[in-house]
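As structure tokens, the structure follows; a few thoughts come after it.
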Amino acid sequence: MAVHSFTVVARFSAEPGDVLSLASDAARWHEWAPALLRGLGRRHPGRVTVRALPGGGGELEWECSIRTSDRFVGTVVARVLEALVALLARRVVTEADRRITLTRRPSLRARLQRLGLQLVIRPVLTVAPFDERWIRAMRAVATGASRATGSRRVARPADGAPVPGLWIDGPADAPGLLVLHGGGYVAGSADTHATMATTLARLSGSTAYVPDYRLAPEHRYPAALDDAEVAFRHLAERVGGAARVAVAGDSAGGALALGLLDRLRRSGERPAALALVSPWVDLAGRTGPGRQAGAARWSGAFDPRTPPRLARACRDAYAGNVPVDDPGVSPARRPLDASAPPTAIVCGGDDFVVDDVRRFVEASRSRGATIDLRVWPGMIHCFPVVAGTPEGASALAVLAVHIGSAVGGASDPRRED
């Protein structure tokens, strides 16, 4: 008797327990599997294991072996069975990823994290002098802390790139992911966002480039946008074209992603997808609580990370003499339309940008844009960027599924005959 064995591995973003539950659901198998595979499955059931991966998500591993008296027939049957099992494994993990849900109430970790930000970070940001010396110190502390906690263990310097930054290698022939960091246009770096970029790259199977674009007030608008465009074109050239690149960004980086989309559209190009975290879409909108009275007061008043004074200072430092309602500075002034790539946005319910984002999404959908907006109740600005909460891990998983589905089917034209 000849023995033929194979192993199929499928990566997922959901909770391992949810994947295992679906894999054990007989009714689902009856719905998904063709009669031939169900018959083979009863004779050769194999072994399904699920394991968690560091940083969230995990892998489903399906091992099978069959015994046949004829080696040739066994090889053919094994190859057919392997292809069918691979399709079913992908169906299981995709279904589990689609079931990632929003939590109704922030977790204990999220509440403790928020309390720390409220008691320590917000008071400091509220009273700190917003001058160049303070900005330089803030940048140095943030980048130094990120490097001390291992940002460069998971990424390497983007040597030879036109814009300095970090490179996160993906599988061979992987599509590209451009990650534009946040920081109010005055702070943030590739190091501060290396962990988020690594998670998105790993879960979506992409190669990520995180450029250190020029910051205000030394370099005002449009310097950051110019750098984002140069970085995008460099990444697109490396992975086989703009259609194989998704763009992710948080806060100011999310707004840069939208500005970059408009620039690319003028030249007849577009990325495969946008994946945005709390994008700062309207610098001309509300920049702090108290601008309206009573029930109309915006929910972002509860965000402990971004005092109104700081938001206004960052806005003025970046825009300079350019009107803040210019669409290049405030993307909300130019909503997306049907020509835009599929877009996913995650925000916190107490995010200082959440109301502006909702209005932007509404206006864009009315023009035919496809946008998946998910708002996590009780969460704050850019909550997925601050590691350590299940809500953040879940939000990044949602974005990674979106990225993977958009770029997964895009082939590299350089490898086509």
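By order in the structure tokens, chains are A, B, ...; within a chain, residues start at 1; ligands start at 1, following the order shown.
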Run DSSP on the backbone and grab whatever in range 168-265 of chain A lands in alpha helix (DSSP H); send it over as a ChimeraX atom specification. /A:194-204,223-239,252-265
Which residues are near range 220-234 of chain A? Cut-off 10 Å, only C-alpha atoms, ignore same chain within fewer than 5 positions. Put them as a JSON list (two decimals) with N, CA and C atoms, in the first residue's frame.
```json
[["chain", "number", "residue", "atom", "x", "y", "z"],
["A", 161, "ALA", "N", 15.94, 53.53, -0.30],
["A", 161, "ALA", "CA", 14.62, 54.10, -0.62],
["A", 161, "ALA", "C", 14.74, 55.62, -0.72],
["A", 162, "PRO", "N", 13.91, 56.26, -1.55],
["A", 162, "PRO", "CA", 14.00, 57.71, -1.71],
["A", 162, "PRO", "C", 13.58, 58.48, -0.46],
["A", 163, "VAL", "N", 12.75, 57.86, 0.38],
["A", 163, "VAL", "CA", 12.36, 58.46, 1.65],
["A", 163, "VAL", "C", 12.81, 57.49, 2.75],
["A", 164, "PRO", "N", 13.62, 57.94, 3.72],
["A", 164, "PRO", "CA", 14.08, 57.03, 4.77],
["A", 164, "PRO", "C", 12.89, 56.42, 5.51],
["A", 165, "GLY", "N", 13.11, 55.30, 6.15],
["A", 165, "GLY", "CA", 12.03, 54.65, 6.88],
["A", 165, "GLY", "C", 12.39, 53.23, 7.23],
["A", 176, "GLY", "N", 2.46, 44.93, -1.96],
["A", 176, "GLY", "CA", 3.02, 45.98, -1.11],
["A", 176, "GLY", "C", 1.98, 46.64, -0.22],
["A", 177, "LEU", "N", 2.45, 47.13, 0.92],
["A", 177, "LEU", "CA", 1.61, 47.88, 1.86],
["A", 177, "LEU", "C", 2.39, 49.12, 2.30],
["A", 178, "LEU", "N", 1.91, 50.28, 1.90],
["A", 178, "LEU", "CA", 2.51, 51.54, 2.32],
["A", 178, "LEU", "C", 1.81, 51.99, 3.60],
["A", 179, "VAL", "N", 2.57, 52.16, 4.68],
["A", 179, "VAL", "CA", 2.00, 52.55, 5.97],
["A", 179, "VAL", "C", 2.46, 53.97, 6.28],
["A", 180, "LEU", "N", 1.51, 54.90, 6.36],
["A", 180, "LEU", "CA", 1.79, 56.30, 6.65],
["A", 180, "LEU", "C", 1.44, 56.57, 8.11],
["A", 185, "TYR", "N", 1.14, 65.38, 12.09],
["A", 185, "TYR", "CA", 2.05, 65.98, 11.11],
["A", 185, "TYR", "C", 3.31, 66.56, 11.74],
["A", 186, "VAL", "N", 3.41, 66.55, 13.07],
["A", 186, "VAL", "CA", 4.58, 67.13, 13.74],
["A", 186, "VAL", "C", 5.42, 66.07, 14.45],
["A", 209, "TYR", "N", 6.29, 49.09, 3.73],
["A", 209, "TYR", "CA", 7.26, 50.19, 3.72],
["A", 209, "TYR", "C", 6.65, 51.31, 4.55],
["A", 210, "VAL", "N", 7.37, 51.74, 5.59],
["A", 210, "VAL", "CA", 6.90, 52.80, 6.48],
["A", 210, "VAL", "C", 7.85, 53.99, 6.33],
["A", 211, "PRO", "N", 7.51, 54.98, 5.52],
["A", 211, "PRO", "CA", 8.43, 56.09, 5.28],
["A", 211, "PRO", "C", 8.41, 57.11, 6.42],
["A", 212, "ASP", "N", 9.58, 57.66, 6.69],
["A", 212, "ASP", "CA", 9.69, 58.79, 7.63],
["A", 212, "ASP", "C", 9.54, 60.08, 6.83],
["A", 213, "TYR", "N", 8.29, 60.41, 6.52],
["A", 213, "TYR", "CA", 8.06, 61.62, 5.73],
["A", 213, "TYR", "C", 8.42, 62.87, 6.55],
["A", 214, "ARG", "N", 8.67, 63.96, 5.85],
["A", 214, "ARG", "CA", 9.07, 65.21, 6.52],
["A", 214, "ARG", "C", 7.93, 65.76, 7.38],
["A", 215, "LEU", "N", 8.32, 66.33, 8.51],
["A", 215, "LEU", "CA", 7.35, 66.79, 9.51],
["A", 215, "LEU", "C", 7.32, 68.30, 9.62],
["A", 239, "VAL", "N", 7.09, 46.09, -6.28],
["A", 239, "VAL", "CA", 6.17, 44.95, -6.19],
["A", 239, "VAL", "C", 5.37, 44.70, -7.46],
["A", 241, "GLY", "N", 3.68, 47.37, -9.59],
["A", 241, "GLY", "CA", 2.64, 48.30, -10.01],
["A", 241, "GLY", "C", 1.73, 48.77, -8.89],
["A", 242, "ALA", "N", 1.06, 49.89, -9.15],
["A", 242, "ALA", "CA", 0.18, 50.50, -8.15],
["A", 242, "ALA", "C", -0.96, 49.59, -7.74],
["A", 245, "VAL", "N", -0.47, 47.55, -4.55],
["A", 245, "VAL", "CA", -0.12, 48.27, -3.32],
["A", 245, "VAL", "C", -1.37, 48.76, -2.62],
["A", 246, "ALA", "N", -1.51, 48.44, -1.35],
["A", 246, "ALA", "CA", -2.54, 49.02, -0.50],
["A", 246, "ALA", "C", -1.89, 50.10, 0.36],
["A", 247, "VAL", "N", -2.68, 51.08, 0.78],
["A", 247, "VAL", "CA", -2.16, 52.17, 1.60],
["A", 247, "VAL", "C", -2.91, 52.19, 2.93],
["A", 252, "ALA", "N", -3.13, 61.61, 11.07],
["A", 252, "ALA", "CA", -2.57, 62.40, 9.98],
["A", 252, "ALA", "C", -2.16, 61.52, 8.82],
["A", 253, "GLY", "N", -1.65, 60.32, 9.12],
["A", 253, "GLY", "CA", -1.28, 59.39, 8.06],
["A", 253, "GLY", "C", -2.48, 58.94, 7.24],
["A", 255, "ALA", "N", -5.11, 60.84, 6.66],
["A", 255, "ALA", "CA", -5.41, 61.97, 5.78],
["A", 255, "ALA", "C", -4.43, 62.02, 4.62],
["A", 256, "LEU", "N", -3.16, 61.72, 4.89],
["A", 256, "LEU", "CA", -2.17, 61.68, 3.81],
["A", 256, "LEU", "C", -2.53, 60.60, 2.78],
["A", 257, "ALA", "N", -3.03, 59.47, 3.26],
["A", 257, "ALA", "CA", -3.44, 58.40, 2.33],
["A", 257, "ALA", "C", -4.53, 58.89, 1.39],
["A", 258, "LEU", "N", -5.48, 59.65, 1.92],
["A", 258, "LEU", "CA", -6.56, 60.19, 1.09],
["A", 258, "LEU", "C", -6.04, 61.25, 0.12],
["A", 259, "GLY", "N", -5.11, 62.08, 0.60],
["A", 259, "GLY", "CA", -4.50, 63.06, -0.29],
["A", 259, "GLY", "C", -3.68, 62.40, -1.39],
["A", 260, "LEU", "N", -2.99, 61.32, -1.03],
["A", 260, "LEU", "CA", -2.21, 60.57, -2.01],
["A", 260, "LEU", "C", -3.13, 59.96, -3.07],
["A", 261, "LEU", "N", -4.27, 59.45, -2.65],
["A", 261, "LEU", "CA", -5.23, 58.88, -3.60],
["A", 261, "LEU", "C", -5.63, 59.91, -4.64],
["A", 263, "ARG", "N", -3.93, 62.52, -5.67],
["A", 263, "ARG", "CA", -2.81, 62.77, -6.58],
["A", 263, "ARG", "C", -2.67, 61.65, -7.60],
["A", 264, "LEU", "N", -2.77, 60.42, -7.14],
["A", 264, "LEU", "CA", -2.62, 59.29, -8.05],
["A", 264, "LEU", "C", -3.74, 59.27, -9.08],
["A", 271, "PRO", "N", -4.31, 52.99, -5.81],
["A", 271, "PRO", "CA", -3.87, 51.82, -5.06],
["A", 271, "PRO", "C", -4.97, 50.76, -5.03],
["A", 316, "ASP", "N", -2.19, 74.18, 12.64],
["A", 316, "ASP", "CA", -1.57, 75.43, 12.19],
["A", 316, "ASP", "C", -0.12, 75.20, 11.76],
["A", 317, "ALA", "N", 0.58, 74.32, 12.47],
["A", 317, "ALA", "CA", 1.98, 74.04, 12.12],
["A", 317, "ALA", "C", 2.07, 73.38, 10.75],
["A", 318, "TYR", "N", 1.12, 72.54, 10.42],
["A", 318, "TYR", "CA", 1.16, 71.82, 9.15],
["A", 318, "TYR", "C", 0.65, 72.67, 7.99],
["A", 319, "ALA", "N", -0.49, 73.31, 8.17],
["A", 319, "ALA", "CA", -1.11, 74.05, 7.07],
["A", 319, "ALA", "C", -0.36, 75.31, 6.71],
["A", 320, "GLY", "N", 0.22, 75.96, 7.69],
["A", 320, "GLY", "CA", 0.93, 77.21, 7.41],
["A", 320, "GLY", "C", -0.01, 78.25, 6.83],
["A", 321, "ASN", "N", 0.32, 78.76, 5.65],
["A", 321, "ASN", "CA", -0.51, 79.79, 5.02],
["A", 321, "ASN", "C", -1.59, 79.22, 4.11],
["A", 322, "VAL", "N", -1.64, 77.90, 4.00],
["A", 322, "VAL", "CA", -2.67, 77.28, 3.16],
["A", 322, "VAL", "C", -3.98, 77.23, 3.95],
["A", 328, "GLY", "N", -6.54, 69.53, -0.10],
["A", 328, "GLY", "CA", -5.25, 68.87, 0.11],
["A", 328, "GLY", "C", -4.90, 68.74, 1.57],
["A", 329, "VAL", "N", -5.39, 69.67, 2.38],
["A", 329, "VAL", "CA", -5.15, 69.66, 3.82],
["A", 329, "VAL", "C", -6.27, 68.93, 4.54]]
```
Based on the backbone DSSP call, show me all residues of range 95-213 of chain A assigned strand (DSSP E), as a count of residues only. 16
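If you count only C-alpha atoms and ignore residues fewer than 4 places along the chain from Asp70 in chain A, what sits within 12 Å of it is Met1, Ala2, Val3, His4, Ile66, Gly74, Thr75, Val76, Val77 and Ala78 of chain A.
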Might you pull out every residue within 8 Å of Ala340 in chain A, with only C-alpha atoms counted and same-chain residues fewer than 5 positions away left off, and present them as a list in words? Leu261, Arg270, Ala369 and Thr370 of chain A
If we count only C-alpha atoms and set the cut-off at 12 Å, which residues sit around Arg358 in chain A, ignoring sequence neighbours fewer than 4 positions away in its own chain? Please answer as a ChimeraX atom specification. /A:278-282,298-299,332,335,345-349,351-354,362-365,371-375
Closest contacts (range 259-351 of chain A/range 124-143 of chain A, max 7 Å, only C-alpha atoms) as CSV:
```
residue,atom,partner,partner_atom,distance
A:Pro307,CA,A:Thr126,CA,6.0
A:Arg309,CA,A:Thr126,CA,6.8
A:Leu310,CA,A:Leu125,CA,6.9
```
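Nearest residue to Ala273 in chain A, choosing from A:Ala236, A:Ala86, A:Ala406, A:Val19 and counting only C-alpha atoms: A:Ala406.
Counting only C-alpha atoms and comparing A:Leu117, A:Leu112, A:Ala243, A:Ala201, the residue that lies closest to Gly388 in chain A is A:Leu112.
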Neighbour list for Asp191 in chain A as number ranges by chain, cut-off 8 Å, only C-alpha atoms, skip fewer than 3 positions in-chain: A: 143, 146-147, 151-152, 166, 188, 194
Could you give me, as a ChimeraX atom specification, the residues within 10 Å of Glu82 in chain A, counting only C-alpha atoms and dropping anything in the same chain fewer than 4 positions from it? /A:5-8,62-65,76-78,86-88
Min atom-atom distance to Ile168 in chain A from the set A:His193, A:His402, A:Arg244, A:Arg122, counting only C-alpha atoms, belongs to A:His193
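With only C-alpha atoms as the atoms that count, the minimum distance from Arg359 in chain A to the choices A:Arg333, A:Arg153, A:Arg91, A:His381 is reached by A:Arg333.
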